[in-house]
file model_37.pdb (PDB, C-alpha atoms)
MODEL        1
ATOM      1  CA  MET A   1      86.186 122.176 -27.951  1.00  0.00           C
ATOM      2  CA  LYS A   2      84.315 125.041 -26.287  1.00  0.00           C
ATOM      3  CA  ARG A   3      87.353 125.723 -24.095  1.00  0.00           C
ATOM      4  CA  LEU A   4      89.611 125.877 -27.141  1.00  0.00           C
ATOM      5  CA  TYR A   5      87.381 128.532 -28.681  1.00  0.00           C
ATOM      6  CA  LEU A   6      87.386 130.503 -25.447  1.00  0.00           C
ATOM      7  CA  PHE A   7      91.176 130.459 -25.245  1.00  0.00           C
ATOM      8  CA  LEU A   8      91.498 131.429 -28.902  1.00  0.00           C
ATOM      9  CA  PHE A   9      89.109 134.316 -28.264  1.00  0.00           C
ATOM     10  CA  PHE A  10      91.154 135.302 -25.229  1.00  0.00           C
ATOM     11  CA  LEU A  11      94.412 135.104 -27.188  1.00  0.00           C
ATOM     12  CA  MET A  12      92.993 137.329 -29.911  1.00  0.00           C
ATOM     13  CA  THR A  13      91.728 139.810 -27.336  1.00  0.00           C
ATOM     14  CA  VAL A  14      95.130 140.007 -25.672  1.00  0.00           C
ATOM     15  CA  CYS A  15      96.973 140.320 -28.984  1.00  0.00           C
ATOM     16  CA  PHE A  16      94.696 143.093 -30.232  1.00  0.00           C
ATOM     17  CA  GLY A  17      94.909 144.795 -26.866  1.00  0.00           C
ATOM     18  CA  MET A  18      98.685 144.795 -27.048  1.00  0.00           C
ATOM     19  CA  MET A  19      98.566 146.299 -30.518  1.00  0.00           C
ATOM     20  CA  ALA A  20      96.795 149.409 -29.252  1.00  0.00           C
ATOM     21  CA  ASP A  21      99.889 151.595 -29.414  1.00  0.00           C
ATOM     22  CA  ASP A  22      97.968 154.831 -29.051  1.00  0.00           C
ATOM     23  CA  LEU A  23      97.447 154.195 -25.339  1.00  0.00           C
ATOM     24  CA  PRO A  24     100.124 154.982 -22.733  1.00  0.00           C
ATOM     25  CA  LYS A  25     101.974 151.911 -21.463  1.00  0.00           C
ATOM     26  CA  ASP A  26     100.361 151.901 -17.988  1.00  0.00           C
ATOM     27  CA  SER A  27      96.941 152.421 -19.491  1.00  0.00           C
ATOM     28  CA  LYS A  28      97.480 149.477 -21.871  1.00  0.00           C
ATOM     29  CA  ARG A  29      98.645 147.288 -19.009  1.00  0.00           C
ATOM     30  CA  ASP A  30      95.662 148.222 -16.850  1.00  0.00           C
ATOM     31  CA  LYS A  31      93.245 147.634 -19.722  1.00  0.00           C
ATOM     32  CA  MET A  32      94.812 144.279 -20.532  1.00  0.00           C
ATOM     33  CA  PHE A  33      94.782 143.252 -16.849  1.00  0.00           C
ATOM     34  CA  LYS A  34      91.095 144.127 -16.606  1.00  0.00           C
ATOM     35  CA  GLU A  35      90.323 142.133 -19.771  1.00  0.00           C
ATOM     36  CA  VAL A  36      92.251 139.121 -18.463  1.00  0.00           C
ATOM     37  CA  GLN A  37      90.382 139.299 -15.132  1.00  0.00           C
ATOM     38  CA  GLU A  38      87.021 139.462 -16.873  1.00  0.00           C
ATOM     39  CA  PHE A  39      87.915 136.564 -19.118  1.00  0.00           C
ATOM     40  CA  LYS A  40      89.218 134.590 -16.148  1.00  0.00           C
ATOM     41  CA  MET A  41      85.953 134.987 -14.255  1.00  0.00           C
ATOM     42  CA  LYS A  42      83.948 133.882 -17.293  1.00  0.00           C
ATOM     43  CA  TYR A  43      86.276 130.931 -17.758  1.00  0.00           C
ATOM     44  CA  LEU A  44      85.900 129.946 -14.098  1.00  0.00           C
ATOM     45  CA  ALA A  45      82.123 130.304 -14.256  1.00  0.00           C
ATOM     46  CA  GLN A  46      82.116 127.903 -17.192  1.00  0.00           C
ATOM     47  CA  GLU A  47      84.456 125.447 -15.467  1.00  0.00           C
ATOM     48  CA  MET A  48      82.292 125.522 -12.345  1.00  0.00           C
ATOM     49  CA  ASN A  49      79.034 125.098 -14.271  1.00  0.00           C
ATOM     50  CA  LEU A  50      77.525 128.086 -12.499  1.00  0.00           C
ATOM     51  CA  THR A  51      73.829 128.754 -12.863  1.00  0.00           C
ATOM     52  CA  GLU A  52      72.605 132.133 -14.090  1.00  0.00           C
ATOM     53  CA  GLU A  53      71.568 132.892 -10.506  1.00  0.00           C
ATOM     54  CA  GLN A  54      75.041 132.122  -9.144  1.00  0.00           C
ATOM     55  CA  LYS A  55      77.026 134.116 -11.719  1.00  0.00           C
ATOM     56  CA  PRO A  56      76.343 137.673 -10.478  1.00  0.00           C
ATOM     57  CA  ARG A  57      77.183 136.793  -6.871  1.00  0.00           C
ATOM     58  CA  PHE A  58      80.263 134.873  -7.986  1.00  0.00           C
ATOM     59  CA  PHE A  59      81.558 137.710 -10.196  1.00  0.00           C
ATOM     60  CA  GLU A  60      81.079 140.279  -7.439  1.00  0.00           C
ATOM     61  CA  LEU A  61      82.672 138.169  -4.711  1.00  0.00           C
ATOM     62  CA  TYR A  62      85.504 136.900  -6.921  1.00  0.00           C
ATOM     63  CA  SER A  63      86.359 140.487  -7.920  1.00  0.00           C
ATOM     64  CA  GLU A  64      86.425 141.477  -4.264  1.00  0.00           C
ATOM     65  CA  MET A  65      88.667 138.504  -3.415  1.00  0.00           C
ATOM     66  CA  SER A  66      91.008 139.321  -6.303  1.00  0.00           C
ATOM     67  CA  ARG A  67      91.402 142.895  -5.057  1.00  0.00           C
ATOM     68  CA  SER A  68      92.186 141.619  -1.548  1.00  0.00           C
ATOM     69  CA  ARG A  69      94.765 139.206  -2.929  1.00  0.00           C
ATOM     70  CA  GLU A  70      96.360 141.954  -4.994  1.00  0.00           C
ATOM     71  CA  GLU A  71      96.525 144.312  -2.015  1.00  0.00           C
ATOM     72  CA  CYS A  72      98.233 141.704   0.141  1.00  0.00           C
ATOM     73  CA  HIS A  73     100.915 141.105  -2.519  1.00  0.00           C
ATOM     74  CA  GLN A  74     101.498 144.752  -3.420  1.00  0.00           C
ATOM     75  CA  PRO A  75     104.281 145.353  -0.838  1.00  0.00           C
ATOM     76  CA  VAL A  76     106.083 142.246  -2.120  1.00  0.00           C
ATOM     77  CA  LYS A  77     105.879 143.439  -5.728  1.00  0.00           C
ATOM     78  CA  GLU A  78     107.277 146.825  -4.756  1.00  0.00           C
ATOM     79  CA  LEU A  79     110.217 145.294  -2.884  1.00  0.00           C
ATOM     80  CA  GLU A  80     110.919 142.855  -5.733  1.00  0.00           C
ATOM     81  CA  GLN A  81     110.940 145.734  -8.186  1.00  0.00           C
ATOM     82  CA  LYS A  82     113.281 147.720  -5.961  1.00  0.00           C
ATOM     83  CA  ILE A  83     115.702 144.785  -5.757  1.00  0.00           C
ATOM     84  CA  ARG A  84     115.563 144.119  -9.517  1.00  0.00           C
ATOM     85  CA  LYS A  85     116.291 147.751 -10.356  1.00  0.00           C
ATOM     86  CA  ASN A  86     118.967 148.339  -7.724  1.00  0.00           C
ATOM     87  CA  LYS A  87     122.483 146.950  -8.184  1.00  0.00           C
ATOM     88  CA  ASP A  88     123.553 147.678  -4.616  1.00  0.00           C
ATOM     89  CA  VAL A  89     121.079 145.560  -2.698  1.00  0.00           C
ATOM     90  CA  SER A  90     121.761 145.124   1.001  1.00  0.00           C
ATOM     91  CA  GLU A  91     121.188 142.039   3.079  1.00  0.00           C
ATOM     92  CA  GLU A  92     118.545 144.037   4.911  1.00  0.00           C
ATOM     93  CA  ASP A  93     116.676 144.559   1.617  1.00  0.00           C
ATOM     94  CA  TYR A  94     116.678 140.812   0.986  1.00  0.00           C
ATOM     95  CA  GLN A  95     115.498 140.158   4.544  1.00  0.00           C
ATOM     96  CA  ASN A  96     112.713 142.723   4.157  1.00  0.00           C
ATOM     97  CA  LEU A  97     111.578 140.993   0.981  1.00  0.00           C
ATOM     98  CA  THR A  98     111.618 137.583   2.671  1.00  0.00           C
ATOM     99  CA  ASP A  99     109.616 138.945   5.600  1.00  0.00           C
ATOM    100  CA  ALA A 100     107.126 140.640   3.257  1.00  0.00           C
ATOM    101  CA  ARG A 101     106.655 137.398   1.281  1.00  0.00           C
ATOM    102  CA  ASN A 102     106.041 135.413   4.458  1.00  0.00           C
ATOM    103  CA  LYS A 103     103.539 137.994   5.695  1.00  0.00           C
ATOM    104  CA  ALA A 104     101.777 138.051   2.301  1.00  0.00           C
ATOM    105  CA  ASN A 105     101.554 134.244   2.240  1.00  0.00           C
ATOM    106  CA  LEU A 106      99.894 134.241   5.664  1.00  0.00           C
ATOM    107  CA  GLU A 107      97.489 136.996   4.625  1.00  0.00           C
ATOM    108  CA  TYR A 108      96.748 135.147   1.387  1.00  0.00           C
ATOM    109  CA  ALA A 109      95.833 132.012   3.327  1.00  0.00           C
ATOM    110  CA  GLU A 110      93.522 134.073   5.550  1.00  0.00           C
ATOM    111  CA  ILE A 111      91.877 135.625   2.492  1.00  0.00           C
ATOM    112  CA  GLU A 112      91.398 132.179   0.931  1.00  0.00           C
ATOM    113  CA  SER A 113      89.769 130.859   4.072  1.00  0.00           C
ATOM    114  CA  GLU A 114      87.541 133.920   4.482  1.00  0.00           C
ATOM    115  CA  TYR A 115      86.328 133.793   0.889  1.00  0.00           C
ATOM    116  CA  ASP A 116      85.900 130.016   0.852  1.00  0.00           C
ATOM    117  CA  GLU A 117      83.427 130.553   3.671  1.00  0.00           C
ATOM    118  CA  LYS A 118      81.635 133.312   1.740  1.00  0.00           C
ATOM    119  CA  PHE A 119      81.519 131.245  -1.458  1.00  0.00           C
ATOM    120  CA  SER A 120      80.133 128.278   0.460  1.00  0.00           C
ATOM    121  CA  THR A 121      76.913 130.224   1.112  1.00  0.00           C
ATOM    122  CA  PHE A 122      75.898 129.837  -2.541  1.00  0.00           C
ATOM    123  CA  LEU A 123      78.389 127.409  -4.155  1.00  0.00           C
ATOM    124  CA  THR A 124      78.725 123.679  -3.612  1.00  0.00           C
ATOM    125  CA  PRO A 125      81.992 122.235  -2.290  1.00  0.00           C
ATOM    126  CA  LYS A 126      82.536 120.753  -5.760  1.00  0.00           C
ATOM    127  CA  GLN A 127      82.180 124.180  -7.371  1.00  0.00           C
ATOM    128  CA  ILE A 128      84.688 125.683  -4.942  1.00  0.00           C
ATOM    129  CA  TYR A 129      87.093 122.878  -5.814  1.00  0.00           C
ATOM    130  CA  GLN A 130      86.485 123.492  -9.533  1.00  0.00           C
ATOM    131  CA  MET A 131      87.172 127.200  -9.013  1.00  0.00           C
ATOM    132  CA  LYS A 132      90.554 126.492  -7.450  1.00  0.00           C
ATOM    133  CA  GLU A 133      91.454 123.932 -10.136  1.00  0.00           C
ATOM    134  CA  GLY A 134      90.283 126.378 -12.797  1.00  0.00           C
ATOM    135  CA  GLU A 135      92.522 129.082 -11.344  1.00  0.00           C
ATOM    136  CA  LYS A 136      95.516 126.739 -11.515  1.00  0.00           C
ATOM    137  CA  ASN A 137      94.715 125.735 -15.086  1.00  0.00           C
ATOM    138  CA  PHE A 138      94.189 129.346 -16.105  1.00  0.00           C
ATOM    139  CA  ARG A 139      97.574 130.338 -14.649  1.00  0.00           C
ATOM    140  CA  LYS A 140      99.251 127.453 -16.483  1.00  0.00           C
ATOM    141  CA  LYS A 141      97.671 128.514 -19.779  1.00  0.00           C
ATOM    142  CA  LEU A 142      98.778 132.118 -19.274  1.00  0.00           C
ATOM    143  CA  GLU A 143     102.314 130.987 -18.476  1.00  0.00           C
ATOM    144  CA  GLU A 144     102.360 128.821 -21.612  1.00  0.00           C
ATOM    145  CA  MET A 145     101.175 131.767 -23.688  1.00  0.00           C
ATOM    146  CA  ARG A 146     103.844 134.057 -22.202  1.00  0.00           C
ATOM    147  CA  ARG A 147     106.521 131.436 -22.792  1.00  0.00           C
ATOM    148  CA  ASP A 148     105.380 130.929 -26.395  1.00  0.00           C
ATOM    149  CA  LYS A 149     105.335 134.674 -26.954  1.00  0.00           C
ATOM    150  CA  LYS A 150     108.895 135.001 -25.611  1.00  0.00           C
ATOM    151  CA  ARG A 151     110.065 132.182 -27.879  1.00  0.00           C
ATOM    152  CA  GLU A 152     108.395 133.809 -30.857  1.00  0.00           C
ATOM    153  CA  HIS A 153     109.987 137.146 -29.977  1.00  0.00           C
ATOM    154  CA  LYS A 154     113.437 135.540 -29.705  1.00  0.00           C
ATOM    155  CA  LYS A 155     112.988 133.858 -33.093  1.00  0.00           C
ATOM    156  CA  LYS A 156     112.148 137.212 -34.656  1.00  0.00           C
ATOM    157  CA  GLU A 157     115.186 138.848 -33.037  1.00  0.00           C
ATOM    158  CA  SER A 158     117.546 136.125 -34.264  1.00  0.00           C
ATOM    159  CA  LYS A 159     116.442 136.535 -37.902  1.00  0.00           C
TER     160      LYS A 159
ENDMDL
END

call {"tool": "encode", "arguments": {"input": "model_37.pdb", "output": "structure tokens"}}
result
Amino acid sequence: MKRLYLFLFFLMTVCFGMMADDLPKDSKRDKMFKEVQEFKMKYLAQEMNLTEEQKPRFFELYSEMSRSREECHQPVKELEQKIRKNKDVSEEDYQNLTDARNKANLEYAEIESEYDEKFSTFLTPKQIYQMKEGEKNFRKKLEEMRRDKKREHKKKESK
């Protein structure tokens, strides 16, 4: 039941954040991303049953890991965007994207391993497992919310 309340709170936060039309689009996106990240860390802390002593270290290290993950995937995002926007995409562009994805996946695995080791200095193996399961569940919930929002938007357009 507690999780349901947290997700409802999150949903309201996201909805109200999206309604802030006075902010520029990039600023809104950045603000919403930051809010989602903060909520995600709180959600994970709850799922992992972190103690009050563990939370500050977890939040700091998880933020650091998230930034590293984002940096490793940034070149991929840029190439994907370039391909989506460009109608005349060359085979070389597709190959560059494939190579960038492969490189990012390897870097991501290295980051995971590095941070698993750092987390293990103050988290139990069970908590690390719960963190990874919590991340998967969080992603699934976000995808469901996006899908529901798209469906709702399509219903409004068809009326």

call {"tool": "residues_around", "arguments": {"input": "model_37.pdb", "residues": "range 45-60 of chain A", "least_positions_apart": "6", "cutoff": "9 Å", "atoms": "all atoms listed in the file", "output": "PDB file with C-alpha atoms, in the frame of the given file"}}
result
ATOM      1  CA  ARG A   3      87.353 125.723 -24.095  1.00  0.00           C
ATOM      2  CA  GLU A  38      87.021 139.462 -16.873  1.00  0.00           C
ATOM      3  CA  PHE A 119      81.519 131.245  -1.458  1.00  0.00           C
ATOM      4  CA  PHE A 122      75.898 129.837  -2.541  1.00  0.00           C
ATOM      5  CA  LEU A 123      78.389 127.409  -4.155  1.00  0.00           C
ATOM      6  CA  LYS A 126      82.536 120.753  -5.760  1.00  0.00           C
ATOM      7  CA  GLN A 127      82.180 124.180  -7.371  1.00  0.00           C
ATOM      8  CA  ILE A 128      84.688 125.683  -4.942  1.00  0.00           C
ATOM      9  CA  TYR A 129      87.093 122.878  -5.814  1.00  0.00           C
ATOM     10  CA  GLN A 130      86.485 123.492  -9.533  1.00  0.00           C
ATOM     11  CA  MET A 131      87.172 127.200  -9.013  1.00  0.00           C
ATOM     12  CA  GLU A 133      91.454 123.932 -10.136  1.00  0.00           C
ATOM     13  CA  GLY A 134      90.283 126.378 -12.797  1.00  0.00           C
TER      14      GLY A 134
END

call {"tool": "resolve_selection", "arguments": {"input": "model_37.pdb", "expression": "the PyMOL selection byres ((chain A and resi 103-105) around 9)", "output": "PyMOL selection string"}}
result
chain A and resi 69+72-76+98-102+106-110

call {"tool": "residues_around", "arguments": {"input": "model_37.pdb", "residues": "Lys40 in chain A", "least_positions_apart": "3", "cutoff": "9 Å", "atoms": "only C-alpha atoms", "output": "list in words"}}
result
Glu35, Val36, Gln37, Tyr43, Leu44, Ala45, Gly134, Glu135 and Phe138 of chain A

call {"tool": "atom_distance", "arguments": {"input": "model_37.pdb", "atom1": "CA of Asp30 in chain A", "atom2": "CA of Glu70 in chain A"}}
result
13.4 Å

call {"tool": "atom_distance", "arguments": {"input": "model_37.pdb", "atom1": "CA of Ser27 in chain A", "atom2": "CA of Glu112 in chain A"}}
result
29.3 Å

call {"tool": "atom_distance", "arguments": {"input": "model_37.pdb", "atom1": "CA of Leu79 in chain A", "atom2": "CA of Tyr94 in chain A"}}
result
8.8 Å

call {"tool": "closest_residue", "arguments": {"input": "model_37.pdb", "among": "A:Leu97, A:Met32, A:Met145, A:Met41", "to": "Lys132 in chain A", "atoms": "all atoms listed in the file"}}
result
A:Met41

call {"tool": "axis_aligned_box", "arguments": {"input": "model_37.pdb", "around": "range 100-118 of chain A", "padding_each_side": "8 Å", "output": "JSON"}}
result
{"center_x": 94.4, "center_y": 135.3, "center_z": 3.3, "size_x": 41.5, "size_y": 26.6, "size_z": 20.8}

call {"tool": "decode", "arguments": {"input": "model_37.pdb", "residues": "range 89-114 of chain A", "atoms": "N, CA, C and O atoms", "output": "short mmCIF file (atom, residue, chain, number, x, y, z; two decimals), in the first residue's frame"}}
result
data_model
loop_
_atom_site.label_atom_id
_atom_site.label_comp_id
_atom_site.auth_asym_id
_atom_site.auth_seq_id
_atom_site.Cartn_x
_atom_site.Cartn_y
_atom_site.Cartn_z
N VAL A 89 20.28 8.87 -44.32
CA VAL A 89 21.22 8.25 -43.40
C VAL A 89 22.08 7.25 -44.18
O VAL A 89 21.56 6.41 -44.91
N SER A 90 23.37 7.35 -43.99
CA SER A 90 24.29 6.45 -44.71
C SER A 90 24.51 5.17 -43.92
O SER A 90 24.23 5.10 -42.71
N GLU A 91 25.03 4.19 -44.59
CA GLU A 91 25.38 2.94 -43.93
C GLU A 91 26.46 3.18 -42.87
O GLU A 91 26.47 2.55 -41.82
N GLU A 92 27.32 4.14 -43.15
CA GLU A 92 28.37 4.49 -42.19
C GLU A 92 27.75 5.04 -40.90
O GLU A 92 28.22 4.73 -39.80
N ASP A 93 26.69 5.84 -41.04
CA ASP A 93 26.00 6.38 -39.85
C ASP A 93 25.43 5.24 -39.01
O ASP A 93 25.55 5.25 -37.77
N TYR A 94 24.82 4.27 -39.67
CA TYR A 94 24.27 3.12 -38.93
C TYR A 94 25.38 2.31 -38.26
O TYR A 94 25.23 1.87 -37.13
N GLN A 95 26.49 2.15 -38.96
CA GLN A 95 27.62 1.42 -38.38
C GLN A 95 28.20 2.17 -37.18
O GLN A 95 28.53 1.56 -36.16
N ASN A 96 28.29 3.49 -37.30
CA ASN A 96 28.79 4.30 -36.18
C ASN A 96 27.89 4.16 -34.96
O ASN A 96 28.38 4.06 -33.83
N LEU A 97 26.59 4.13 -35.20
CA LEU A 97 25.65 3.96 -34.09
C LEU A 97 25.81 2.58 -33.46
O LEU A 97 25.85 2.46 -32.23
N THR A 98 25.93 1.56 -34.27
CA THR A 98 26.13 0.20 -33.75
C THR A 98 27.40 0.12 -32.92
O THR A 98 27.40 -0.44 -31.82
N ASP A 99 28.48 0.69 -33.45
CA ASP A 99 29.75 0.69 -32.72
C ASP A 99 29.63 1.45 -31.39
O ASP A 99 30.13 1.01 -30.36
N ALA A 100 28.95 2.61 -31.44
CA ALA A 100 28.78 3.41 -30.22
C ALA A 100 27.95 2.65 -29.18
O ALA A 100 28.25 2.71 -27.98
N ARG A 101 26.91 1.95 -29.62
CA ARG A 101 26.09 1.16 -28.69
C ARG A 101 26.92 0.06 -28.04
O ARG A 101 26.82 -0.17 -26.83
N ASN A 102 27.71 -0.64 -28.86
CA ASN A 102 28.54 -1.72 -28.32
C ASN A 102 29.55 -1.18 -27.30
O ASN A 102 29.75 -1.77 -26.23
N LYS A 103 30.17 -0.05 -27.64
CA LYS A 103 31.13 0.57 -26.72
C LYS A 103 30.43 0.99 -25.43
O LYS A 103 30.95 0.76 -24.33
N ALA A 104 29.25 1.59 -25.55
CA ALA A 104 28.50 2.04 -24.36
C ALA A 104 28.10 0.85 -23.49
O ALA A 104 28.16 0.94 -22.25
N ASN A 105 27.70 -0.25 -24.11
CA ASN A 105 27.33 -1.44 -23.34
C ASN A 105 28.51 -1.98 -22.54
O ASN A 105 28.36 -2.40 -21.39
N LEU A 106 29.68 -1.98 -23.15
CA LEU A 106 30.89 -2.43 -22.44
C LEU A 106 31.22 -1.48 -21.29
O LEU A 106 31.53 -1.91 -20.17
N GLU A 107 31.15 -0.18 -21.56
CA GLU A 107 31.42 0.81 -20.51
C GLU A 107 30.40 0.70 -19.38
O GLU A 107 30.74 0.81 -18.20
N TYR A 108 29.15 0.47 -19.75
CA TYR A 108 28.08 0.33 -18.76
C TYR A 108 28.37 -0.85 -17.84
O TYR A 108 28.22 -0.74 -16.62
N ALA A 109 28.80 -1.96 -18.42
CA ALA A 109 29.12 -3.14 -17.61
C ALA A 109 30.28 -2.85 -16.66
O ALA A 109 30.28 -3.29 -15.51
N GLU A 110 31.27 -2.10 -17.14
CA GLU A 110 32.40 -1.71 -16.28
C GLU A 110 31.93 -0.81 -15.14
O GLU A 110 32.37 -0.97 -14.00
N ILE A 111 31.05 0.12 -15.45
CA ILE A 111 30.51 1.02 -14.42
C ILE A 111 29.74 0.21 -13.38
O ILE A 111 29.91 0.41 -12.17
N GLU A 112 28.92 -0.72 -13.84
CA GLU A 112 28.14 -1.57 -12.92
C GLU A 112 29.07 -2.32 -11.97
O GLU A 112 28.84 -2.35 -10.76
N SER A 113 30.09 -2.91 -12.53
CA SER A 113 31.03 -3.68 -11.72
C SER A 113 31.76 -2.79 -10.72
O SER A 113 31.90 -3.12 -9.54
N GLU A 114 32.22 -1.64 -11.18
CA GLU A 114 32.94 -0.70 -10.32
C GLU A 114 32.05 -0.24 -9.16
O GLU A 114 32.48 -0.23 -8.00
#
